[in-house]
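Visitor: Next comes the structure file structure13.tsv, holding TSV, C-alpha atoms.
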```tsv
chain	number	residue	atom	x	y	z
A	1	MET	CA	47.92	-134.32	-41.38
A	2	GLU	CA	47.95	-130.58	-41.96
A	3	GLU	CA	48.76	-129.65	-45.54
A	4	LYS	CA	51.52	-127.11	-45.94
A	5	LYS	CA	52.27	-124.87	-48.88
A	6	THR	CA	55.34	-122.79	-49.48
A	7	LEU	CA	55.27	-119.44	-51.24
A	8	HIS	CA	58.66	-118.13	-52.34
A	9	CYS	CA	58.62	-114.35	-52.49
A	10	GLY	CA	62.16	-114.02	-53.75
A	11	VAL	CA	61.70	-112.37	-57.12
A	12	VAL	CA	62.05	-108.67	-57.80
A	13	ARG	CA	61.70	-107.42	-61.35
A	14	GLY	CA	62.32	-110.90	-62.72
A	15	THR	CA	65.51	-111.53	-60.72
A	16	SER	CA	65.66	-114.62	-58.45
A	17	PHE	CA	67.63	-114.59	-55.23
A	18	PRO	CA	70.41	-117.16	-54.83
A	19	PRO	CA	69.62	-119.73	-52.08
A	20	SER	CA	72.88	-118.90	-50.31
A	21	LEU	CA	71.52	-115.51	-49.27
A	22	GLY	CA	69.20	-117.04	-46.65
A	23	PHE	CA	65.58	-116.37	-45.92
A	24	VAL	CA	63.29	-115.17	-43.17
A	25	ASP	CA	60.25	-117.40	-42.53
A	26	LYS	CA	56.75	-116.18	-41.74
A	27	SER	CA	53.78	-118.51	-41.32
A	28	ILE	CA	50.23	-117.26	-41.86
A	29	MET	CA	46.81	-118.87	-41.97
A	30	HIS	CA	45.23	-118.77	-45.43
A	31	PRO	CA	41.95	-116.85	-44.87
A	32	GLN	CA	39.85	-119.11	-47.12
A	33	HIS	CA	41.35	-122.61	-47.05
A	34	GLY	CA	42.46	-122.61	-43.42
A	35	LYS	CA	45.87	-124.04	-44.35
A	36	ILE	CA	49.21	-122.93	-43.05
A	37	CYS	CA	51.24	-121.06	-45.68
A	38	HIS	CA	54.97	-120.61	-45.10
A	39	LEU	CA	56.27	-117.45	-46.72
A	40	HIS	CA	60.02	-117.08	-47.26
A	41	PHE	CA	61.26	-113.53	-47.59
A	42	ALA	CA	64.78	-112.46	-48.47
A	43	LYS	CA	66.52	-111.17	-45.35
A	44	PRO	CA	65.86	-107.43	-45.17
A	45	GLU	CA	69.38	-106.57	-44.07
A	46	ILE	CA	70.98	-107.94	-47.24
A	47	GLU	CA	71.36	-105.16	-49.79
A	48	SER	CA	74.51	-106.04	-51.66
A	49	GLN	CA	72.73	-107.84	-54.54
A	50	GLY	CA	69.54	-106.20	-55.81
A	51	ASN	CA	66.63	-104.68	-53.97
A	52	PHE	CA	66.24	-107.38	-51.31
A	53	ARG	CA	64.95	-104.94	-48.69
A	54	MET	CA	62.38	-103.76	-51.20
A	55	SER	CA	61.20	-107.37	-51.74
A	56	TYR	CA	60.55	-107.83	-48.02
A	57	ALA	CA	58.73	-104.50	-47.84
A	58	LYS	CA	56.51	-105.33	-50.81
A	59	ALA	CA	55.50	-108.67	-49.28
A	60	ALA	CA	54.68	-106.93	-46.00
A	61	ASP	CA	52.65	-104.36	-47.94
A	62	LEU	CA	50.55	-107.13	-49.51
A	63	LEU	CA	49.79	-108.52	-46.05
A	64	ARG	CA	48.72	-105.04	-44.97
A	65	VAL	CA	46.45	-104.78	-48.04
A	66	ALA	CA	44.90	-108.13	-47.06
A	67	GLU	CA	44.18	-106.81	-43.57
A	68	MET	CA	42.52	-103.71	-45.01
A	69	ALA	CA	40.47	-105.68	-47.56
A	70	MET	CA	39.22	-108.03	-44.83
A	71	SER	CA	38.50	-105.45	-42.13
A	72	ARG	CA	36.44	-103.01	-44.24
A	73	PHE	CA	32.89	-104.04	-44.97
A	74	ASP	CA	32.78	-102.47	-48.45
A	75	GLY	CA	36.36	-103.39	-49.33
A	76	ILE	CA	39.16	-101.08	-50.44
A	77	SER	CA	39.73	-98.89	-53.47
A	78	LEU	CA	42.84	-97.64	-55.24
A	79	GLN	CA	42.38	-94.32	-53.44
A	80	ASP	CA	42.58	-96.13	-50.09
A	81	LEU	CA	45.93	-97.57	-51.15
A	82	THR	CA	47.36	-94.23	-52.29
A	83	GLU	CA	46.43	-92.74	-48.91
A	84	GLU	CA	47.72	-95.69	-46.86
A	85	PHE	CA	51.05	-96.16	-48.65
A	86	GLY	CA	51.64	-92.66	-50.02
A	87	CYS	CA	52.00	-93.97	-53.58
A	88	ASP	CA	50.60	-92.80	-56.91
A	89	HIS	CA	47.65	-94.30	-58.79
A	90	ARG	CA	49.78	-96.41	-61.14
A	91	THR	CA	51.73	-97.97	-58.26
A	92	ALA	CA	48.45	-98.79	-56.51
A	93	GLN	CA	47.25	-100.56	-59.67
A	94	ARG	CA	50.40	-102.70	-59.81
A	95	MET	CA	50.03	-103.52	-56.13
A	96	MET	CA	46.46	-104.71	-56.61
A	97	ARG	CA	47.42	-106.90	-59.56
A	98	SER	CA	49.96	-108.61	-57.32
A	99	PHE	CA	47.35	-108.82	-54.56
A	100	GLU	CA	44.89	-110.57	-56.88
A	101	THR	CA	47.58	-113.12	-57.75
A	102	VAL	CA	48.47	-113.91	-54.12
A	103	PHE	CA	44.82	-113.86	-52.93
A	104	PRO	CA	42.72	-115.26	-55.81
A	105	GLN	CA	39.63	-115.53	-53.56
A	106	VAL	CA	39.31	-111.73	-53.42
A	107	ASP	CA	35.89	-110.37	-54.36
A	108	ILE	CA	36.13	-107.56	-56.96
A	109	ARG	CA	33.23	-105.27	-57.78
A	110	ASP	CA	32.41	-101.68	-58.83
A	111	ASP	CA	30.61	-99.35	-56.41
A	112	GLU	CA	27.96	-96.74	-57.18
A	113	ASP	CA	30.62	-94.26	-58.30
A	114	ARG	CA	32.14	-96.81	-60.69
A	115	ARG	CA	35.19	-97.22	-58.50
A	116	ARG	CA	36.63	-100.70	-58.29
A	117	ARG	CA	36.74	-102.21	-54.82
A	118	TRP	CA	38.43	-105.34	-53.47
A	119	HIS	CA	37.10	-107.28	-50.48
A	120	LEU	CA	38.42	-110.42	-48.80
A	121	PRO	CA	35.80	-112.71	-47.23
A	122	ARG	CA	36.07	-113.26	-43.49
A	123	HIS	CA	35.76	-117.03	-43.54
A	124	ASP	CA	38.35	-117.82	-40.89
A	125	PRO	CA	38.73	-115.90	-37.60
A	126	ARG	CA	42.14	-117.54	-37.17
A	127	TRP	CA	43.52	-114.94	-39.61
A	128	LEU	CA	43.91	-112.47	-36.74
A	129	GLN	CA	45.48	-115.12	-34.54
A	130	ALA	CA	47.94	-116.07	-37.27
A	131	GLN	CA	48.85	-112.44	-37.90
A	132	GLY	CA	49.01	-111.52	-34.22
A	133	ILE	CA	49.69	-108.00	-33.00
A	134	ARG	CA	53.08	-106.39	-33.53
A	135	ASP	CA	55.05	-104.68	-30.79
A	136	SER	CA	54.71	-101.29	-32.50
A	137	GLU	CA	50.92	-101.72	-32.74
A	138	LEU	CA	50.68	-102.72	-29.08
A	139	ALA	CA	52.81	-99.71	-28.14
A	140	ALA	CA	50.49	-97.48	-30.20
A	141	LEU	CA	47.49	-98.77	-28.22
A	142	GLU	CA	49.33	-98.11	-24.95
A	143	LEU	CA	50.20	-94.57	-26.08
A	144	ALA	CA	46.62	-93.90	-27.15
A	145	ALA	CA	45.32	-95.07	-23.76
A	146	LYS	CA	47.81	-92.86	-21.92
A	147	ARG	CA	46.90	-89.85	-24.06
A	148	ALA	CA	43.20	-90.47	-23.45
A	149	GLU	CA	43.80	-90.51	-19.70
A	150	ARG	CA	45.88	-87.33	-19.95
A	151	ASP	CA	43.24	-85.52	-22.01
A	152	GLY	CA	40.45	-86.36	-19.60
A	153	ALA	CA	38.80	-89.25	-21.46
A	154	PRO	CA	38.99	-92.14	-18.96
A	155	ASP	CA	36.14	-94.05	-20.64
A	156	GLU	CA	38.02	-94.17	-23.97
A	157	ALA	CA	41.22	-95.11	-22.15
A	158	GLN	CA	39.49	-98.07	-20.50
A	159	ARG	CA	38.10	-99.28	-23.83
A	160	LEU	CA	41.53	-99.12	-25.44
A	161	LYS	CA	42.94	-101.23	-22.61
A	162	VAL	CA	40.15	-103.79	-23.06
A	163	LEU	CA	40.92	-103.95	-26.80
A	164	ARG	CA	44.59	-104.45	-26.01
A	165	ASP	CA	43.82	-107.35	-23.66
A	166	ARG	CA	41.45	-108.96	-26.17
A	167	LEU	CA	44.06	-108.87	-28.94
A	168	LEU	CA	46.72	-110.34	-26.69
A	169	ALA	CA	44.31	-113.07	-25.55
A	170	ALA	CA	43.88	-114.18	-29.18
A	171	MET	CA	47.61	-114.83	-29.51
A	172	PRO	CA	49.68	-117.80	-28.30
A	173	SER	CA	50.96	-117.07	-24.79
A	174	SER	CA	54.65	-117.22	-25.75
A	175	LEU	CA	54.18	-114.76	-28.62
A	176	ALA	CA	52.01	-112.48	-26.47
A	177	ARG	CA	54.67	-112.31	-23.73
A	178	ARG	CA	57.37	-111.49	-26.26
A	179	THR	CA	55.22	-108.81	-27.90
A	180	GLU	CA	54.44	-107.23	-24.52
A	181	ALA	CA	58.13	-107.13	-23.63
A	182	ASP	CA	59.05	-105.59	-27.00
A	183	ALA	CA	56.27	-103.02	-26.70
A	184	GLU	CA	57.40	-102.06	-23.18
A	185	ALA	CA	60.93	-101.54	-24.47
A	186	LEU	CA	59.59	-99.44	-27.35
A	187	LEU	CA	57.58	-97.24	-25.00
A	188	GLU	CA	60.64	-96.73	-22.82
A	189	ALA	CA	62.76	-95.87	-25.86
A	190	GLN	CA	60.19	-93.33	-27.01
A	191	GLY	CA	60.28	-91.72	-23.59
A	192	PHE	CA	56.54	-91.14	-23.30
A	193	ALA	CA	55.45	-89.37	-20.15
A	194	THR	CA	52.39	-87.41	-19.13
A	195	ARG	CA	52.92	-83.82	-20.17
A	196	PRO	CA	53.32	-81.54	-17.15
A	197	GLY	CA	51.34	-78.36	-16.87
A	198	PRO	CA	48.06	-77.08	-15.45
A	199	ARG	CA	44.87	-78.89	-16.36
A	200	VAL	CA	41.48	-79.46	-14.81
A	201	GLU	CA	41.08	-82.92	-13.30
A	202	PRO	CA	37.98	-84.54	-14.88
A	203	GLU	CA	35.12	-85.92	-12.83
A	204	LYS	CA	35.21	-89.55	-14.00
A	205	ARG	CA	31.75	-90.39	-12.70
A	206	LEU	CA	30.14	-87.55	-14.67
A	207	LEU	CA	32.09	-88.45	-17.81
A	208	GLY	CA	30.95	-92.07	-17.53
A	209	VAL	CA	27.26	-91.05	-17.33
A	210	LEU	CA	27.61	-88.61	-20.23
A	211	THR	CA	29.34	-91.24	-22.36
A	212	GLU	CA	26.43	-93.62	-21.83
A	213	ALA	CA	23.95	-90.88	-22.70
A	214	LEU	CA	25.85	-89.98	-25.88
A	215	ARG	CA	25.98	-93.59	-27.03
A	216	ALA	CA	22.17	-94.14	-27.00
A	217	PRO	CA	21.54	-91.15	-27.26
A	218	PHE	CA	19.46	-90.29	-24.18
A	219	THR	CA	18.36	-86.92	-22.86
A	220	VAL	CA	19.99	-85.92	-19.59
A	221	GLU	CA	19.11	-83.63	-16.73
A	222	VAL	CA	22.09	-81.74	-15.30
A	223	THR	CA	22.50	-79.59	-12.25
A	224	TYR	CA	24.45	-76.61	-13.61
A	225	VAL	CA	26.13	-73.68	-11.86
A	226	SER	CA	26.11	-70.51	-13.96
A	227	ALA	CA	28.84	-67.86	-14.00
A	228	ASP	CA	26.92	-65.76	-11.42
A	229	GLY	CA	26.82	-68.71	-9.00
A	230	SER	CA	23.14	-69.56	-9.43
A	231	THR	CA	22.17	-73.24	-9.75
A	232	SER	CA	19.55	-74.58	-12.12
A	233	GLU	CA	18.29	-77.85	-13.59
A	234	ARG	CA	18.76	-78.20	-17.36
A	235	LEU	CA	17.15	-80.83	-19.60
A	236	LEU	CA	19.56	-81.39	-22.48
A	237	GLU	CA	20.08	-83.45	-25.62
A	238	PRO	CA	23.83	-84.24	-25.56
A	239	TYR	CA	25.77	-84.26	-28.86
A	240	GLY	CA	29.42	-84.49	-27.85
A	241	LEU	CA	32.32	-83.52	-25.59
A	242	LEU	CA	35.05	-80.99	-26.30
A	243	LEU	CA	38.29	-81.88	-24.53
A	244	GLY	CA	41.08	-79.45	-23.70
A	245	ILE	CA	42.26	-77.33	-20.78
A	246	ARG	CA	38.56	-76.69	-20.22
A	247	ARG	CA	36.10	-79.46	-21.05
A	248	TYR	CA	32.68	-78.73	-22.48
A	249	LEU	CA	29.50	-80.66	-23.10
A	250	VAL	CA	27.92	-79.77	-26.44
A	251	ALA	CA	24.16	-80.11	-26.04
A	252	ARG	CA	20.85	-78.70	-27.21
A	253	PRO	CA	18.43	-77.53	-24.47
A	254	VAL	CA	15.03	-79.19	-24.77
A	255	ALA	CA	13.35	-75.91	-23.87
A	256	GLY	CA	14.18	-72.57	-25.41
A	257	ASN	CA	15.34	-71.70	-28.92
A	258	SER	CA	16.84	-75.18	-29.57
A	259	ARG	CA	20.26	-73.73	-30.44
A	260	MET	CA	23.33	-75.84	-29.73
A	261	ARG	CA	25.28	-74.68	-26.68
A	262	ARG	CA	28.45	-75.45	-24.72
A	263	PHE	CA	28.30	-76.29	-20.99
A	264	ARG	CA	31.47	-76.31	-18.88
A	265	LEU	CA	31.92	-79.70	-17.23
A	266	ASP	CA	33.55	-78.17	-14.14
A	267	ARG	CA	30.24	-76.39	-13.50
A	268	VAL	CA	28.14	-79.56	-13.81
A	269	ARG	CA	27.31	-80.94	-10.37
A	270	GLN	CA	25.07	-83.90	-11.25
A	271	VAL	CA	24.00	-85.76	-14.38
A	272	ARG	CA	20.95	-88.02	-14.62
A	273	ILE	CA	19.94	-90.05	-17.67
A	274	MET	CA	16.23	-89.55	-18.22
A	275	GLY	CA	15.62	-92.89	-19.94
A	276	HIS	CA	14.11	-91.72	-23.23
A	277	SER	CA	16.04	-91.22	-26.45
A	278	PHE	CA	15.95	-88.43	-29.01
A	279	ALA	CA	16.63	-88.16	-32.73
A	280	ARG	CA	19.97	-86.54	-33.46
A	281	ASP	CA	20.11	-83.76	-36.02
A	282	PRO	CA	21.70	-85.44	-39.09
A	283	ASP	CA	23.04	-82.09	-40.32
A	284	PHE	CA	24.98	-81.33	-37.14
A	285	ASN	CA	28.76	-81.81	-37.34
A	286	LEU	CA	30.69	-81.65	-34.08
A	287	ALA	CA	34.02	-80.88	-35.78
A	288	SER	CA	32.55	-77.93	-37.70
A	289	PHE	CA	30.80	-76.68	-34.57
A	290	SER	CA	33.98	-76.80	-32.49
A	291	ALA	CA	35.93	-75.01	-35.27
A	292	GLN	CA	33.83	-71.90	-34.61
A	293	ALA	CA	36.03	-71.30	-31.56
A	294	PHE	CA	39.78	-70.85	-31.25
A	295	GLY	CA	39.80	-72.82	-28.02
A	296	SER	CA	36.69	-73.92	-26.15
A	297	PHE	CA	34.69	-70.71	-25.78
A	298	HIS	CA	32.41	-69.55	-28.61
A	299	SER	CA	30.62	-66.24	-29.01
A	300	ASP	CA	28.49	-65.24	-31.97
A	301	ALA	CA	29.40	-61.60	-31.35
A	302	GLU	CA	33.15	-62.34	-31.64
A	303	TYR	CA	32.96	-64.76	-34.56
A	304	SER	CA	34.89	-63.04	-37.37
A	305	PRO	CA	38.00	-63.32	-39.61
A	306	VAL	CA	41.31	-63.44	-37.71
A	307	ALA	CA	44.74	-62.53	-39.10
A	308	TRP	CA	48.10	-62.80	-37.32
A	309	ARG	CA	51.47	-61.76	-38.75
A	310	PHE	CA	54.50	-63.51	-37.29
A	311	SER	CA	57.87	-61.77	-37.63
A	312	PRO	CA	60.57	-63.24	-39.92
A	313	SER	CA	62.48	-64.52	-36.88
A	314	ALA	CA	59.38	-66.30	-35.53
A	315	ALA	CA	57.98	-67.52	-38.86
A	316	ILE	CA	59.97	-70.79	-38.88
A	317	VAL	CA	58.55	-71.77	-35.50
A	318	ALA	CA	55.02	-70.54	-36.26
A	319	ARG	CA	54.90	-72.56	-39.48
A	320	GLN	CA	55.09	-75.76	-37.41
A	321	PHE	CA	51.79	-75.00	-35.62
A	322	VAL	CA	48.20	-75.69	-36.59
A	323	PHE	CA	46.44	-72.73	-35.01
A	324	HIS	CA	43.04	-73.63	-36.45
A	325	PRO	CA	41.69	-76.53	-38.59
A	326	GLU	CA	40.76	-74.14	-41.41
A	327	GLN	CA	43.82	-71.87	-41.30
A	328	GLU	CA	45.53	-70.38	-44.36
A	329	MET	CA	49.24	-69.51	-44.24
A	330	THR	CA	50.90	-66.92	-46.48
A	331	ASP	CA	54.66	-66.40	-46.73
A	332	GLU	CA	55.44	-62.70	-46.99
A	333	PRO	CA	58.30	-61.28	-49.15
A	334	ASP	CA	60.25	-60.18	-46.05
A	335	GLY	CA	60.16	-63.68	-44.54
A	336	ALA	CA	57.21	-63.06	-42.24
A	337	LEU	CA	54.24	-65.44	-42.02
A	338	THR	CA	50.57	-64.42	-42.02
A	339	VAL	CA	47.99	-66.84	-40.63
A	340	ARG	CA	44.27	-66.36	-41.35
A	341	PHE	CA	41.19	-68.20	-40.09
A	342	THR	CA	37.68	-67.48	-38.83
A	343	ALA	CA	36.81	-68.12	-35.20
A	344	SER	CA	35.72	-66.57	-31.90
A	345	GLY	CA	37.16	-66.52	-28.40
A	346	HIS	CA	39.25	-63.34	-28.11
A	347	LEU	CA	40.29	-63.99	-24.51
A	348	GLU	CA	41.67	-67.46	-25.30
A	349	MET	CA	43.49	-66.01	-28.32
A	350	ALA	CA	45.02	-63.30	-26.12
A	351	TRP	CA	46.19	-65.90	-23.59
A	352	TYR	CA	47.88	-67.83	-26.38
A	353	LEU	CA	49.40	-64.84	-28.20
A	354	TYR	CA	51.04	-63.62	-24.99
A	355	GLN	CA	53.55	-66.48	-25.31
A	356	TRP	CA	54.88	-64.98	-28.55
A	357	GLY	CA	55.79	-61.63	-26.96
A	358	ASP	CA	56.31	-58.96	-29.61
A	359	GLN	CA	56.96	-61.48	-32.39
A	360	VAL	CA	53.34	-61.47	-33.60
A	361	ASP	CA	51.10	-58.62	-34.76
A	362	VAL	CA	47.31	-58.92	-34.74
A	363	LEU	CA	46.03	-57.60	-38.06
A	364	ALA	CA	42.40	-58.47	-37.36
A	365	PRO	CA	40.03	-58.13	-35.60
A	366	ASP	CA	40.46	-54.69	-34.04
A	367	ALA	CA	39.03	-55.78	-30.68
A	368	LEU	CA	41.67	-58.50	-30.33
A	369	ARG	CA	44.48	-56.17	-31.40
A	370	LYS	CA	43.48	-53.65	-28.71
A	371	MET	CA	43.28	-56.44	-26.12
A	372	VAL	CA	46.78	-57.75	-26.91
A	373	ALA	CA	48.68	-54.50	-27.58
A	374	PRO	CA	49.28	-53.37	-23.96
A	375	HIS	CA	50.76	-56.74	-22.95
A	376	ARG	CA	53.28	-57.49	-25.72
A	377	ARG	CA	56.77	-58.09	-24.32
A	378	ALA	CA	60.19	-58.03	-25.94
A	379	ASP	CA	62.15	-59.85	-23.19
A	380	PHE	CA	60.93	-63.44	-23.68
A	381	PRO	CA	64.08	-65.56	-24.23
A	382	ALA	CA	62.30	-68.27	-26.24
A	383	LEU	CA	59.29	-68.87	-28.47
A	384	PRO	CA	56.59	-71.45	-27.73
```
Can you give me the file's structure in the form of structure tokens?

Guide:
Amino acid sequence: MEEKKTLHCGVVRGTSFPPSLGFVDKSIMHPQHGKICHLHFAKPEIESQGNFRMSYAKAADLLRVAEMAMSRFDGISLQDLTEEFGCDHRTAQRMMRSFETVFPQVDIRDDEDRRRRWHLPRHDPRWLQAQGIRDSELAALELAAKRAERDGAPDEAQRLKVLRDRLLAAMPSSLARRTEADAEALLEAQGFATRPGPRVEPEKRLLGVLTEALRAPFTVEVTYVSADGSTSERLLEPYGLLLGIRRYLVARPVAGNSRMRRFRLDRVRQVRIMGHSFARDPDFNLASFSAQAFGSFHSDAEYSPVAWRFSPSAAIVARQFVFHPEQEMTDEPDGALTVRFTASGHLEMAWYLYQWGDQVDVLAPDALRKMVAPHRRADFPALP
């Protein structure tokens, strides 16, 4: 007969909850002993006597810590907890002391930087089945898949759907059906819909081939149409994809000066995997490379410091935007906002700045200021 244990999590700061308040049950599989543990939490809606909602939240936080400690190969540190829960270092220490009490089988060690790390052994795969997947987590997977489809990443969207199906398959059918129904209601309540507006429809076949080449990685031969209309065959070492209104393949030509380049996917006619791999440059960082451009286009000749000054009336709106990953914002004494970053792509900047009418002044570079000046308008009824 299956042994059952009961853990009563009804104490906050040394105060026990009266039995008359009622409890909420949650059953989980102990990750080491494989026994069913029934946890009784004080009902979260009861707040008239003590911090009952806080007790429920703390118990849920410990379960989240257990998930993190089991899913990460090298365990978790106090810094991981401060980032995950938005707490300070002392609170993270108290949380881990409680965690060690509830999960005595935790493995504790110090890493190379003398930081303490906690790791839970993965002895029992039924831990995931016992925990299940919550409706909010299922809805997040659905949203991520929809966004991937919208942003022209059908391969990632398909993988997210496969992950969703695999997680649901690991759950009891009754619980899976209820979770799916709750997630569908949550998606409807959030009102998610594909954002309207112009975008280039991706060529799914080409994206699928490029994804396979990037995973290995393999060199590819592409049939590419240049800006002047001429067609050529290019042998490339692919490093990544930049998604946006225009989609680019970041690759290094095998022949030539070996500099990394961007190739517009709408100009790629065919892609063929050549069947032999290459060694990726360990010093190359796709995020840093893409940050050299404001949008998708990069030019060494245009790469320079950029400074925009938004008027006091537009500053509140402008402050909500991230114009560039490495931007710096300065509040001016008159209420204006100055944004500074370093990038290239004057034409894409001009396209974007047009939306702000005469509510933004280009302080630098001079070439961009001259490009924007003749087209600033004062009759736009709204800001972006």

Visitor: CA of Asp379 in chain A and CA of Val360 in chain A are how many Å apart?

Guide: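 Atom-to-atom, CA of Asp379 in chain A and CA of Val360 in chain A are spaced 13.7 Å apart.
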
Visitor: Which one of A:Phe289, A:Trp351, A:Trp118, A:Phe310 sits closest to Gly240 in chain A if you count only C-alpha atoms?

Guide: A:Phe289

Visitor: Give the answer as one residue: which of A:Phe278, A:Gln79, A:Leu236, A:Leu167 has the shortest atom-to-atom distance to Ser258 in chain A, using only C-alpha atoms?

Guide: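 That would be A:Leu236, the residue with the smallest distance to Ser258 in chain A.
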
Visitor: Just to confirm, what's the straight-line distance from CA of Arg262 in chain A to CA of Ala291 in chain A in Å (one decimal)?

Guide: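 Rounded to one decimal, the two atoms are 12.9 Å apart.
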
Visitor: As a PDB file, in the frame of the given file, could you write out range 317-335 of chain A once it has been completed with N, CA and C atoms?

Guide:
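Result went into result22.pdb, see below:
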```
ATOM      1  N   VAL A 317      59.212 -71.067 -36.599  1.00  0.00           N
ATOM      2  CA  VAL A 317      58.550 -71.770 -35.500  1.00  0.00           C
ATOM      3  C   VAL A 317      57.034 -71.778 -35.708  1.00  0.00           C
ATOM      4  N   ALA A 318      56.472 -70.645 -36.099  1.00  0.00           N
ATOM      5  CA  ALA A 318      55.020 -70.540 -36.260  1.00  0.00           C
ATOM      6  C   ALA A 318      54.511 -71.475 -37.351  1.00  0.00           C
ATOM      7  N   ARG A 319      55.321 -71.705 -38.371  1.00  0.00           N
ATOM      8  CA  ARG A 319      54.900 -72.560 -39.480  1.00  0.00           C
ATOM      9  C   ARG A 319      54.683 -74.001 -39.035  1.00  0.00           C
ATOM     10  N   GLN A 320      55.236 -74.396 -37.901  1.00  0.00           N
ATOM     11  CA  GLN A 320      55.090 -75.760 -37.410  1.00  0.00           C
ATOM     12  C   GLN A 320      53.757 -75.979 -36.693  1.00  0.00           C
ATOM     13  N   PHE A 321      53.015 -74.905 -36.400  1.00  0.00           N
ATOM     14  CA  PHE A 321      51.790 -75.000 -35.620  1.00  0.00           C
ATOM     15  C   PHE A 321      50.553 -75.072 -36.514  1.00  0.00           C
ATOM     16  N   VAL A 322      49.535 -75.772 -36.020  1.00  0.00           N
ATOM     17  CA  VAL A 322      48.200 -75.690 -36.590  1.00  0.00           C
ATOM     18  C   VAL A 322      47.371 -74.884 -35.605  1.00  0.00           C
ATOM     19  N   PHE A 323      47.155 -73.610 -35.919  1.00  0.00           N
ATOM     20  CA  PHE A 323      46.440 -72.730 -35.010  1.00  0.00           C
ATOM     21  C   PHE A 323      44.928 -72.946 -35.082  1.00  0.00           C
ATOM     22  N   HIS A 324      44.471 -73.413 -36.249  1.00  0.00           N
ATOM     23  CA  HIS A 324      43.040 -73.630 -36.450  1.00  0.00           C
ATOM     24  C   HIS A 324      42.873 -74.631 -37.588  1.00  0.00           C
ATOM     25  N   PRO A 325      41.851 -75.513 -37.534  1.00  0.00           N
ATOM     26  CA  PRO A 325      41.690 -76.530 -38.590  1.00  0.00           C
ATOM     27  C   PRO A 325      41.535 -75.948 -39.984  1.00  0.00           C
ATOM     28  N   GLU A 326      41.013 -74.726 -40.103  1.00  0.00           N
ATOM     29  CA  GLU A 326      40.760 -74.140 -41.410  1.00  0.00           C
ATOM     30  C   GLU A 326      41.695 -72.959 -41.697  1.00  0.00           C
ATOM     31  N   GLN A 327      42.889 -72.973 -41.135  1.00  0.00           N
ATOM     32  CA  GLN A 327      43.820 -71.870 -41.300  1.00  0.00           C
ATOM     33  C   GLN A 327      44.391 -71.805 -42.715  1.00  0.00           C
ATOM     34  N   GLU A 328      44.811 -70.615 -43.113  1.00  0.00           N
ATOM     35  CA  GLU A 328      45.530 -70.380 -44.360  1.00  0.00           C
ATOM     36  C   GLU A 328      46.811 -69.630 -44.023  1.00  0.00           C
ATOM     37  N   MET A 329      47.947 -70.125 -44.503  1.00  0.00           N
ATOM     38  CA  MET A 329      49.240 -69.510 -44.240  1.00  0.00           C
ATOM     39  C   MET A 329      49.783 -68.857 -45.499  1.00  0.00           C
ATOM     40  N   THR A 330      50.328 -67.661 -45.347  1.00  0.00           N
ATOM     41  CA  THR A 330      50.900 -66.920 -46.480  1.00  0.00           C
ATOM     42  C   THR A 330      52.310 -66.479 -46.107  1.00  0.00           C
ATOM     43  N   ASP A 331      53.290 -66.849 -46.928  1.00  0.00           N
ATOM     44  CA  ASP A 331      54.660 -66.400 -46.730  1.00  0.00           C
ATOM     45  C   ASP A 331      54.830 -65.023 -47.339  1.00  0.00           C
ATOM     46  N   GLU A 332      55.274 -64.068 -46.527  1.00  0.00           N
ATOM     47  CA  GLU A 332      55.440 -62.700 -46.990  1.00  0.00           C
ATOM     48  C   GLU A 332      56.839 -62.512 -47.610  1.00  0.00           C
ATOM     49  N   PRO A 333      57.003 -61.510 -48.486  1.00  0.00           N
ATOM     50  CA  PRO A 333      58.300 -61.280 -49.150  1.00  0.00           C
ATOM     51  C   PRO A 333      59.463 -61.045 -48.180  1.00  0.00           C
ATOM     52  N   ASP A 334      59.178 -60.460 -47.009  1.00  0.00           N
ATOM     53  CA  ASP A 334      60.250 -60.180 -46.050  1.00  0.00           C
ATOM     54  C   ASP A 334      60.558 -61.360 -45.136  1.00  0.00           C
ATOM     55  N   GLY A 335      59.921 -62.510 -45.368  1.00  0.00           N
ATOM     56  CA  GLY A 335      60.160 -63.680 -44.540  1.00  0.00           C
ATOM     57  C   GLY A 335      59.163 -63.872 -43.431  1.00  0.00           C
TER      58      GLY A 335
END
```
